[in-house]
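Have a look at the structure below, then the notes.
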Amino acid sequence: ISSYEKSIHGREIAQGNLDAAVCSDCHGGHSELKASNPNSKVNKFNITTTCGSCHEKITSEFRNSVHGEALSQGIEASPTCTDCHGEHEIIEPERKESPVSPVNVSQEVCGPCHSSVKLTEKYGLSSDRFSAYENSYHGLAVQFGSVEAANCASCHGIHNILPSSNPKSKIHPSNIANTCGSCHPGANENFAKGKVHVTRDREENKLIYWISSIYILLIISLVGSMTLHNVLDWFRKTKDKYEQRYSAAELTPTVRETNLYLRMTLSERIQHLALLTSFFTLVITGFMLKFPDAWWVSCGSGI
């Protein structure tokens, strides 16, 4: 009951909207049955009809979608209304705590099914689509809290999700430019030609795999070599200073045989400091996008 009272339906009833759904609208009156009963109004295969008594247009769209058609074929693993929106505590998508809000819908609604190896293997779907999205710019921006970056529903639709082979699908080749254009004004066919859900799979994307591998190897080699060089340089300078202070021949500092030169002028030091500051700023802000769930990100995100 408390969950229902917090929902959009419960709050509408509390405000005097008698058209909002109450318990008996969904569960039935005297003929209430358990959800496991095929005749129950809240049985998974009947939920669409129950919700459709109020949400007719949306129900019509959903029934023609890939999920709706799967349900009509008796595939219980396919989602219905309550799988996405919840059962009693249904919250409007404009609120951040809603599972179908822009910042939650991909991870909380689409992700659990489309990243499930068990489900994807059973129904012949790709299990890496969601992970590819999460690692894309859009996915990382959404995880960081952006409500403007594209989520799954932005491209695939909400209730009218259709396969890319369907001419009515938002991701059909003839429609995808318009889909991209909803966020990127002026997007054309060339803009939308790039691959989507790109992974580093060696067989599927050989070029990306090798470029990524070489890039990682270069980073490890360069940073590793630089670190080794600096450590060896530090040991050498420390050894020189130690020997100068405590000569084995005499207990007085030895005279350095080479001349000393000023390494950097004041102008060069300022430039070096500016370069150092800008470099670490880019590194930190880049890591904040790459690892939006890290504990330290929330500490610096408001700066």
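Starting from 1 in every chain, residues are counted up; chains themselves are A, B, ... following the order of the structure tokens, and ligands are numbered from 1 as listed.
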
Exercise. Skipping near chain neighbours, those fewer than 2 positions away, what residues fall within 9 Å of segment 23-37 of chain A using only C-alpha atoms, listed as a PyMOL selection string?
Worked result: chain A and resi 4+21+39-44+47+50-51+53

With a distance cut-off of 12 Å and only C-alpha atoms, select the neighbouring residues of Ile158 of chain A, excluding the residue or stretch itself and same-chain residues fewer than 2 positions from it, and output the selection as an mmCIF file with N, CA and C atoms, in the first residue's frame.
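Wrote it out as selection-v6.cif, contents follow:
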```
data_model
loop_
_atom_site.group_PDB
_atom_site.id
_atom_site.type_symbol
_atom_site.label_atom_id
_atom_site.label_comp_id
_atom_site.auth_asym_id
_atom_site.auth_seq_id
_atom_site.Cartn_x
_atom_site.Cartn_y
_atom_site.Cartn_z
ATOM 1 N N ILE A 58 -0.396 3.803 -25.987
ATOM 2 C CA ILE A 58 0.895 3.198 -25.653
ATOM 3 C C ILE A 58 0.823 1.683 -25.789
ATOM 4 N N THR A 59 -0.300 1.111 -25.361
ATOM 5 C CA THR A 59 -0.474 -0.341 -25.458
ATOM 6 C C THR A 59 -0.460 -0.799 -26.908
ATOM 7 N N GLU A 61 1.111 0.642 -29.398
ATOM 8 C CA GLU A 61 2.501 0.716 -29.849
ATOM 9 C C GLU A 61 3.295 -0.476 -29.328
ATOM 10 N N PHE A 62 3.098 -0.779 -28.046
ATOM 11 C CA PHE A 62 3.865 -1.857 -27.428
ATOM 12 C C PHE A 62 3.548 -3.211 -28.063
ATOM 13 N N SER A 65 5.494 -3.860 -31.056
ATOM 14 C CA SER A 65 6.944 -3.829 -30.890
ATOM 15 C C SER A 65 7.515 -5.238 -30.825
ATOM 16 N N VAL A 66 8.834 -5.342 -30.840
ATOM 17 C CA VAL A 66 9.493 -6.645 -30.779
ATOM 18 C C VAL A 66 9.204 -7.341 -29.456
ATOM 19 N N HIS A 67 9.078 -6.562 -28.381
ATOM 20 C CA HIS A 67 8.761 -7.152 -27.078
ATOM 21 C C HIS A 67 7.312 -7.615 -27.020
ATOM 22 N N GLY A 68 6.412 -6.780 -27.531
ATOM 23 C CA GLY A 68 4.992 -7.136 -27.527
ATOM 24 C C GLY A 68 4.709 -8.371 -28.359
ATOM 25 N N CYS A 81 4.840 -4.362 -19.306
ATOM 26 C CA CYS A 81 4.792 -3.025 -18.704
ATOM 27 C C CYS A 81 5.483 -2.962 -17.340
ATOM 28 N N CYS A 84 9.435 -2.942 -16.750
ATOM 29 C CA CYS A 84 10.165 -1.691 -16.955
ATOM 30 C C CYS A 84 9.737 -0.598 -15.972
ATOM 31 N N HIS A 85 8.437 -0.474 -15.766
ATOM 32 C CA HIS A 85 7.909 0.626 -14.947
ATOM 33 C C HIS A 85 7.755 0.273 -13.478
ATOM 34 N N PRO A 93 8.722 9.163 -15.558
ATOM 35 C CA PRO A 93 10.120 9.161 -16.004
ATOM 36 C C PRO A 93 10.859 10.468 -15.764
ATOM 37 N N VAL A 100 12.792 4.277 -15.283
ATOM 38 C CA VAL A 100 12.768 4.639 -16.705
ATOM 39 C C VAL A 100 13.157 6.093 -16.945
ATOM 40 N N SER A 101 13.789 6.727 -15.952
ATOM 41 C CA SER A 101 14.291 8.081 -16.167
ATOM 42 C C SER A 101 15.498 8.006 -17.098
ATOM 43 N N PRO A 102 15.851 9.086 -17.778
ATOM 44 C CA PRO A 102 16.968 9.046 -18.738
ATOM 45 C C PRO A 102 18.277 8.519 -18.163
ATOM 46 N N VAL A 105 17.321 4.302 -17.226
ATOM 47 C CA VAL A 105 16.665 3.326 -18.098
ATOM 48 C C VAL A 105 17.635 2.318 -18.720
ATOM 49 N N SER A 106 18.811 2.761 -19.114
ATOM 50 C CA SER A 106 19.753 1.839 -19.758
ATOM 51 C C SER A 106 20.276 0.791 -18.786
ATOM 52 N N VAL A 109 16.867 -0.949 -16.651
ATOM 53 C CA VAL A 109 15.771 -1.579 -17.398
ATOM 54 C C VAL A 109 16.290 -2.427 -18.561
ATOM 55 N N CYS A 110 17.051 -1.824 -19.453
ATOM 56 C CA CYS A 110 17.515 -2.546 -20.647
ATOM 57 C C CYS A 110 18.698 -3.473 -20.347
ATOM 58 N N ASN A 151 20.391 7.613 -24.361
ATOM 59 C CA ASN A 151 20.283 6.321 -23.691
ATOM 60 C C ASN A 151 19.680 5.325 -24.684
ATOM 61 N N CYS A 152 19.424 4.108 -24.245
ATOM 62 C CA CYS A 152 18.900 3.084 -25.160
ATOM 63 C C CYS A 152 17.618 3.542 -25.861
ATOM 64 N N ALA A 153 16.705 4.118 -25.072
ATOM 65 C CA ALA A 153 15.407 4.521 -25.615
ATOM 66 C C ALA A 153 15.522 5.681 -26.598
ATOM 67 N N SER A 154 16.568 6.490 -26.469
ATOM 68 C CA SER A 154 16.742 7.631 -27.373
ATOM 69 C C SER A 154 16.866 7.175 -28.819
ATOM 70 N N CYS A 155 17.503 6.042 -29.026
ATOM 71 C CA CYS A 155 17.733 5.537 -30.382
ATOM 72 C C CYS A 155 16.756 4.438 -30.785
ATOM 73 N N HIS A 156 16.461 3.540 -29.856
ATOM 74 C CA HIS A 156 15.640 2.373 -30.194
ATOM 75 C C HIS A 156 14.147 2.614 -30.008
ATOM 76 N N ASN A 160 7.721 1.529 -28.807
ATOM 77 C CA ASN A 160 7.666 1.101 -30.213
ATOM 78 C C ASN A 160 9.003 0.557 -30.703
ATOM 79 N N ILE A 161 9.669 -0.253 -29.895
ATOM 80 C CA ILE A 161 10.970 -0.810 -30.270
ATOM 81 C C ILE A 161 10.791 -1.873 -31.352
ATOM 82 N N LEU A 162 11.506 -1.677 -32.457
ATOM 83 C CA LEU A 162 11.400 -2.589 -33.603
ATOM 84 C C LEU A 162 12.798 -2.969 -34.084
ATOM 85 N N SER A 169 11.206 1.166 -37.899
ATOM 86 C CA SER A 169 12.139 1.242 -36.776
ATOM 87 C C SER A 169 12.932 2.545 -36.801
ATOM 88 N N LYS A 170 13.211 3.082 -35.622
ATOM 89 C CA LYS A 170 13.999 4.307 -35.521
ATOM 90 C C LYS A 170 15.444 4.090 -35.960
#
```

Which residues, written as a short mmCIF file (atom, residue, chain, number, x, y, z; two decimals) with C-alpha atoms, in the first residue's frame, have at least one atom at most 8 Å from segment 123-133 of chain A, with only C-alpha atoms counted and residues fewer than 4 positions away on the same chain left out?
```
data_model
loop_
_atom_site.label_atom_id
_atom_site.label_comp_id
_atom_site.auth_asym_id
_atom_site.auth_seq_id
_atom_site.Cartn_x
_atom_site.Cartn_y
_atom_site.Cartn_z
CA GLY A 111 20.86 -3.72 -19.27
CA HIS A 114 20.51 -7.45 -22.83
CA SER A 115 23.69 -8.19 -20.87
CA SER A 116 22.44 -11.57 -19.66
CA VAL A 117 24.47 -14.31 -21.36
CA LEU A 119 18.99 -14.81 -22.28
CA HIS A 138 26.89 8.31 -24.60
CA GLY A 139 26.98 5.52 -22.04
CA HIS A 197 27.95 -0.63 -30.26
CA VAL A 198 31.60 -0.97 -31.23
CA THR A 199 33.70 -3.46 -29.24
#
```

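Nearest residue to Lys122 of chain A, choosing from A:Leu289, A:Ala77, A:Glu108, A:Ile90 and counting only C-alpha atoms: A:Ala77.
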
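Taking atom CA of Gly74 of chain A and atom CA of Phe45 of chain A as the two end points, the separation is 7.7 Å.
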
For this session: Select, from A:Thr48, A:Gln107, A:Cys54, A:Leu140, the residue with the minimum atom-to-atom distance to Thr80 of chain A, counting only C-alpha atoms.
Result: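 Of the candidates, the smallest distance to Thr80 of chain A is held by A:Thr48.
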
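Atom CA of Ala150 of chain A is found 19.3 Å from atom CA of Gly286 of chain A.
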
For this session: Find the residues near Glu189 of chain A: any atom within 9 Å, counting only C-alpha atoms, skip ones fewer than 5 places away on the same chain, and give them as a VMD selection string.
Result: chain A and resid 173 to 174 176 to 178

Atoms kept (C-alpha atoms) for selection, written as a PDB file, in the first residue's frame:
```pdb
ATOM      1  CA  PRO A 173      18.889   2.742 -42.362  1.00  0.00           C
ATOM      2  CA  SER A 174      16.323   5.135 -43.847  1.00  0.00           C
ATOM      3  CA  ILE A 176      18.648   6.554 -38.455  1.00  0.00           C
ATOM      4  CA  ALA A 177      19.788   9.988 -39.685  1.00  0.00           C
ATOM      5  CA  ASN A 178      16.576  11.502 -38.300  1.00  0.00           C
TER       6      ASN A 178
END
```

Problem set entry | alpha helix (DSSP H) positions in segment 125-288 of chain A, given as a ChimeraX atom specification | /A:129-134,137-143,152-156,176-181,206-245,266-288

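The residue that comes closest to Ala294 of chain A, out of A:Trp234, A:His9, A:Phe144, A:Ser78 and on the basis of only C-alpha atoms, is A:Phe144.
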